[in-house]
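Remarks on the structure that follows.
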Amino acid sequence: MEELLANPYVGPLVLTVAIILVFPLIVGYMVLAERKVLADLQVRLGPMRVGPYGVLQPLADALKLLLKEDIIPARADKWIFWLAPVLSVFTGLTALAVLPLSDRLYVADVNIGILFILAMSSIGALGLILGGWSANSKYSLMGSLRAAAQMVSYEVPLGFATVTAIMCAGTLSMQGVIDSQFERGVWGAFDNYGLMLIPTVLFIIAGTAETNRAPFDLPEAESELVAGFHTEYSGFRWSLFFLAEYAAIVVISALCVTLFFGGWLRPFPNVELLEIPFNTVFPAGLCLLIAFGCLKGVGKQVVPGFRFLMAAIAAAFLGAAGLFVLPLTNELVIGLFWFAFKLGVMVYLFIWYRGTFPRFRYDQLMDVGWKWLIPISMAGLVLNGAVQLLARG
Amino acid sequence: MANLIKTFLLTDLLKGLWTTFKNQAPSKVVTEQYPLVRPPVAERYRGAPRLNNHPETQETLCISCNLCALACPEQLIVVTSERNKVTKRKDLTTFTYDVSRCMFCGLCEDACPVDALELTQDFEMATYTREGQIWDRQMLEEGPLPSQYTH
Amino acid sequence: MAATTLAPPPAAEDTFLDSNELVLNMGPQHPSTHGVLRVILKLDGERVLGADCVIGYLHRGVEKIAENRTYQQFAPYVDRMDYVAAVSNGLGYCMAVEKLLDVEIPPRAQAVRVILTEVNRIASHLLWLGTHALDIGAITPVFLCFREREEALKIFENYCGARLTTHAFRIGGLQYETYDRFEEDCLAFCDLMEEKVKEYHALLTGNRIWVKRTKGVGILNAEDCKNYGVTGPLLRAAGVEWDLRKAQPYSGYDKYDFDVPTAESGDTFDRYIVRMQEMGQSCRIIRQAVGAIPEGPIKGKVGKVIKPPPGEAYVSIEAPKGELGYYVVSDGSLNPYRVRVRPPSFVNLGALDKMCRGTLVADVVAIIGTIDIVLGEVDR
């Protein structure tokens, strides 16, 4: 047994399997969160029927998607049609491998982790293009053409913003970037006397475009192209595209959190005084708050099963609060908590845009990309390089 | 210059973001949880038709004058009656109302001289069959019986 | 019938990379053709070379139905043409028959008619704003607009018992007396609107994406507007101050003090601004009218049986979407001999091709939204 644990391949393998199994569920709940937050922004309630406050909605959705008829259009290129969603999901999930979930929880700490992520997200674009091409529908074709143009042009500012952050950190390893932020005692976003804010904002904008999210959701563009590249997809194939989209969101958000917001580090990681408030009081308090909210909701539920479910969720969060209070377990989960928390904030930001902004037009998207984002990102790179050279010698 | 700074600081976009952010307050939710919470319906609401009975004698108020059938744009009301030998009045025998074709314009209600036919506040009229949409006199007098929602 | 009206295809050297044209069939099942409009687009890449509307998917033969109904019986059907502005439709039809009958409408009925029509104008514009924003990709305004529209519909529901297809007016005046809190509800609705319009401005007017998507898109200048017979906010956005409520006042509109908002360039953004200002002007009219509803009867001298003398009458009113005309011919019988409707959205839709040429696919959606069509009215 001990021999098995000592094997360097076992830990990563277990984590890989765990990610592949758990990730669809996480995506399901991200979709629920998106629907709920969007509903909040739009003075609605969102899903409320399946389970108390709709908490079982993802399961119902998954079941529906699995049971739906899987249609391949008669004149579609069957093999490519089959390949496209697989390619998208494959690259999306592979990119998760190098994410540092906490100080000890990661599949691989590759010394070119960031390049690996960028490469995977570039190949992921191919999935969209193939999917739109193979369906042999004009709407799909236009969606995939837009996807191709958009992905290529927004990878440039994304790359420049990343390069700026790498330059600041001095390494391409994801864990290394976090370590360097710990050493310098400041998050990447506020480094270089605040000048790093320029690439941070650019990274968020370009990342939104890279993941095809509103206001840059032109490849899908529901009101123009019906559903863009996945117009002809249905059932489980369609849900694979969905999975890939959310995987891309997680990857880009995680990259942003790692490069600019300290990854799994708590805020102000070098200030000893804040150790207790940030590492124990805040997470435990958050869990207690959620548990309390669930307990309050128990009384409002009519169905006994729903009451039980609400009570179970409350108990789970109480247990989580306990994890954060005990020093032994705290050490194990606190990194993951901060990583997940920052990721959650990023994902909320993504949903928030979507609920607020109109969509760009194709040519305007290119304008913004080439005439604004790329020059600004280049200027940011030069500026940060110069400041770094002067300040650090 | 001020405009240029505004452009770079994205103030217009932040204003929009703030507007949607404010709308998240739970008190701003306007959704009605329909089957659990029923919407209040106006007093004059034109919903399911009803044939009124006299509150005390429980006899129908309808005098079989056929004015509602004549007023109806869709001609979906059929009234039959027979002459009562004793009172020399028309007695209502059948009253058929095809709700599936009704557009609830209220012309029949306006035409009725004795307030026998009335469009009520009931709005749940769904049935599983088309035939179920054709209401006879009994149904019109009793009103629709929507199944109560139990969670 | 479809592709015949399009211009001949451009020579190969005019198209990008000698590519062939792409004919894209948009609708009748499409998220943003506002119902069942079908547009056949000729595209060069994303650029639109021509747009051809195919209509009739919602044709119900309303004008023919009129010939088999009595004058009163036809009134509920007109609500079902422009179902978003049912009250305006009802007003136009009732006024046309009243002109045939030559009856005088009591001032109280006229005042209530004005109030309800203006509330309906705001409701119609709100629906337009929400769906138009949705077409351009902003998914939140539609819910906010429906929230406010709900208040307008509640006024209708309380007044006449129906929310959408109201059948609020009768030939000769009104059927229903105002309800107890009518005045308060109308004023509260105006207050609400004036407050909430700020929210729309914050979400859209200043937003750079919205401005980019609408400024200079779908330009239709005053000359083209006149040539195509385009009326309503589209005409006013092109700088022509033409509003039937001012030009030939009906139903006592001359008693109220209001402005006709106009703009200059006639693009999508100007139409948006004009409609937003019109909502404010409608509030102004409602406030004035509610304060001065005269006492008196609500129905003129009209018998139970309406039998106009032989003749014809044309009445046009300023509906939310433009000039709405009713042409009624009577042969002296109980049924109209012929009813012809001049639907504003149908006429305005004719300018779609003109507005679309040279724009991008995304703009076509924005332009369809800005024309503010209701297919029930286009197809009748």
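Residues are named by chain letter and number: chains run A, B, ... in the order of the structure tokens, numbers start at 1 in each chain, and ligands are numbered from 1 in the order shown.
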Can you list, as number ranges by chain, every residue of range 85-267 of chain C that DSSP puts in helix (DSSP H, G or I)? C: 85-101, 107-136, 141-160, 182-205, 208-214, 222-228, 233-237, 244-247, 253-255
What's around Val112 in chain C at 12 Å? Count only C-alpha atoms, leave out sequence neighbours fewer than 6 positions away in its own chain, and write the answer as a PyMOL selection string. chain C and resi 87+91+105-106+118-119+156+159-160+168-169+173-179+182-183+186+251-253+285-299
Against chain B, which residues of chain C fall within 7 Å? For each one I want the closest pair of atoms and the distance in Å (one decimal), counting only C-alpha atoms, rows by chain and increasing residue number, as a tab-separated table.
residue	atom	partner	partner_atom	distance
C:Arg69	CA	B:Pro73	CA	6.6
C:Gln73	CA	B:Pro73	CA	4.9
C:Pro76	CA	B:Cys105	CA	6.0
C:Glu157	CA	B:Ala42	CA	6.1
C:Asn158	CA	B:Ala42	CA	5.2
C:Cys160	CA	B:Arg44	CA	6.2
C:Gly161	CA	B:Tyr45	CA	3.6
C:Ala162	CA	B:Tyr45	CA	6.1
C:His167	CA	B:Cys105	CA	6.2
C:Glu199	CA	B:Thr19	CA	6.8
C:Ala202	CA	B:Gly16	CA	5.5
C:Leu203	CA	B:Gly16	CA	4.5
C:Gly206	CA	B:Asp12	CA	5.8
C:Asn207	CA	B:Asp12	CA	5.2
C:Arg208	CA	B:Asp12	CA	6.9
Residues just named, written with N, CA and C atoms as a PDB file, in the first residue's frame:
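After the write, selection28.pdb holds the following:
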ATOM      1  N   ARG C  69     -69.412  39.928 -40.347  1.00  0.00           N
ATOM      2  CA  ARG C  69     -69.733  40.233 -38.962  1.00  0.00           C
ATOM      3  C   ARG C  69     -70.471  41.566 -38.939  1.00  0.00           C
ATOM      4  N   GLN C  73     -69.619  43.307 -33.836  1.00  0.00           N
ATOM      5  CA  GLN C  73     -68.951  42.015 -33.714  1.00  0.00           C
ATOM      6  C   GLN C  73     -67.531  42.039 -34.253  1.00  0.00           C
ATOM      7  N   PRO C  76     -63.833  43.131 -31.704  1.00  0.00           N
ATOM      8  CA  PRO C  76     -62.791  42.337 -31.033  1.00  0.00           C
ATOM      9  C   PRO C  76     -61.710  41.844 -31.987  1.00  0.00           C
ATOM     10  N   GLU C 157     -56.596  45.640 -17.409  1.00  0.00           N
ATOM     11  CA  GLU C 157     -57.358  44.550 -16.807  1.00  0.00           C
ATOM     12  C   GLU C 157     -58.404  45.103 -15.846  1.00  0.00           C
ATOM     13  N   ASN C 158     -58.000  46.080 -15.065  1.00  0.00           N
ATOM     14  CA  ASN C 158     -58.954  46.652 -14.134  1.00  0.00           C
ATOM     15  C   ASN C 158     -60.037  47.433 -14.849  1.00  0.00           C
ATOM     16  N   CYS C 160     -61.164  47.077 -18.233  1.00  0.00           N
ATOM     17  CA  CYS C 160     -62.105  46.387 -19.108  1.00  0.00           C
ATOM     18  C   CYS C 160     -62.078  44.882 -18.960  1.00  0.00           C
ATOM     19  N   GLY C 161     -61.220  44.338 -18.119  1.00  0.00           N
ATOM     20  CA  GLY C 161     -61.283  42.905 -17.871  1.00  0.00           C
ATOM     21  C   GLY C 161     -60.398  42.059 -18.741  1.00  0.00           C
ATOM     22  N   ALA C 162     -59.657  42.664 -19.656  1.00  0.00           N
ATOM     23  CA  ALA C 162     -58.717  41.889 -20.451  1.00  0.00           C
ATOM     24  C   ALA C 162     -57.398  42.635 -20.480  1.00  0.00           C
ATOM     25  N   HIS C 167     -60.451  44.957 -26.268  1.00  0.00           N
ATOM     26  CA  HIS C 167     -61.817  45.305 -26.650  1.00  0.00           C
ATOM     27  C   HIS C 167     -62.351  46.372 -25.695  1.00  0.00           C
ATOM     28  N   GLU C 199     -33.277  53.765 -15.732  1.00  0.00           N
ATOM     29  CA  GLU C 199     -32.600  52.472 -15.723  1.00  0.00           C
ATOM     30  C   GLU C 199     -32.267  52.018 -17.147  1.00  0.00           C
ATOM     31  N   ALA C 202     -29.395  53.986 -18.402  1.00  0.00           N
ATOM     32  CA  ALA C 202     -28.124  53.534 -17.827  1.00  0.00           C
ATOM     33  C   ALA C 202     -27.653  52.261 -18.510  1.00  0.00           C
ATOM     34  N   LEU C 203     -28.604  51.391 -18.844  1.00  0.00           N
ATOM     35  CA  LEU C 203     -28.216  50.117 -19.441  1.00  0.00           C
ATOM     36  C   LEU C 203     -27.873  50.264 -20.916  1.00  0.00           C
ATOM     37  N   GLY C 206     -26.073  55.114 -22.879  1.00  0.00           N
ATOM     38  CA  GLY C 206     -24.675  55.516 -22.836  1.00  0.00           C
ATOM     39  C   GLY C 206     -23.729  54.401 -23.236  1.00  0.00           C
ATOM     40  N   ASN C 207     -24.213  53.188 -23.166  1.00  0.00           N
ATOM     41  CA  ASN C 207     -23.337  52.026 -23.361  1.00  0.00           C
ATOM     42  C   ASN C 207     -22.676  52.048 -24.730  1.00  0.00           C
ATOM     43  N   ARG C 208     -21.358  51.946 -24.763  1.00  0.00           N
ATOM     44  CA  ARG C 208     -20.645  52.111 -26.032  1.00  0.00           C
ATOM     45  C   ARG C 208     -20.993  51.001 -27.016  1.00  0.00           C
TER      46      ARG C 208
END
Contact table chain A vs chain C, cut-off 6 Å, shortest pair per residue, only C-alpha atoms, as a Markdown table:
| residue | atom | partner | partner_atom | distance |
| --- | --- | --- | --- | --- |
| A:Gln42 | CA | C:Thr140 | CA | 5.5 |
| A:Ser223 | CA | C:Asp135 | CA | 5.3 |
| A:Glu224 | CA | C:Ala362 | CA | 5.9 |
| A:Gly355 | CA | C:Thr140 | CA | 5.8 |
| A:Phe357 | CA | C:Ala138 | CA | 5.2 |
| A:Pro358 | CA | C:Ala138 | CA | 3.9 |
| A:Arg359 | CA | C:Gly137 | CA | 4.6 |
Using only C-alpha atoms, the best pick from A:Val17, A:Leu41, A:Leu309, A:Ala244 as closest to chain B would be A:Leu41
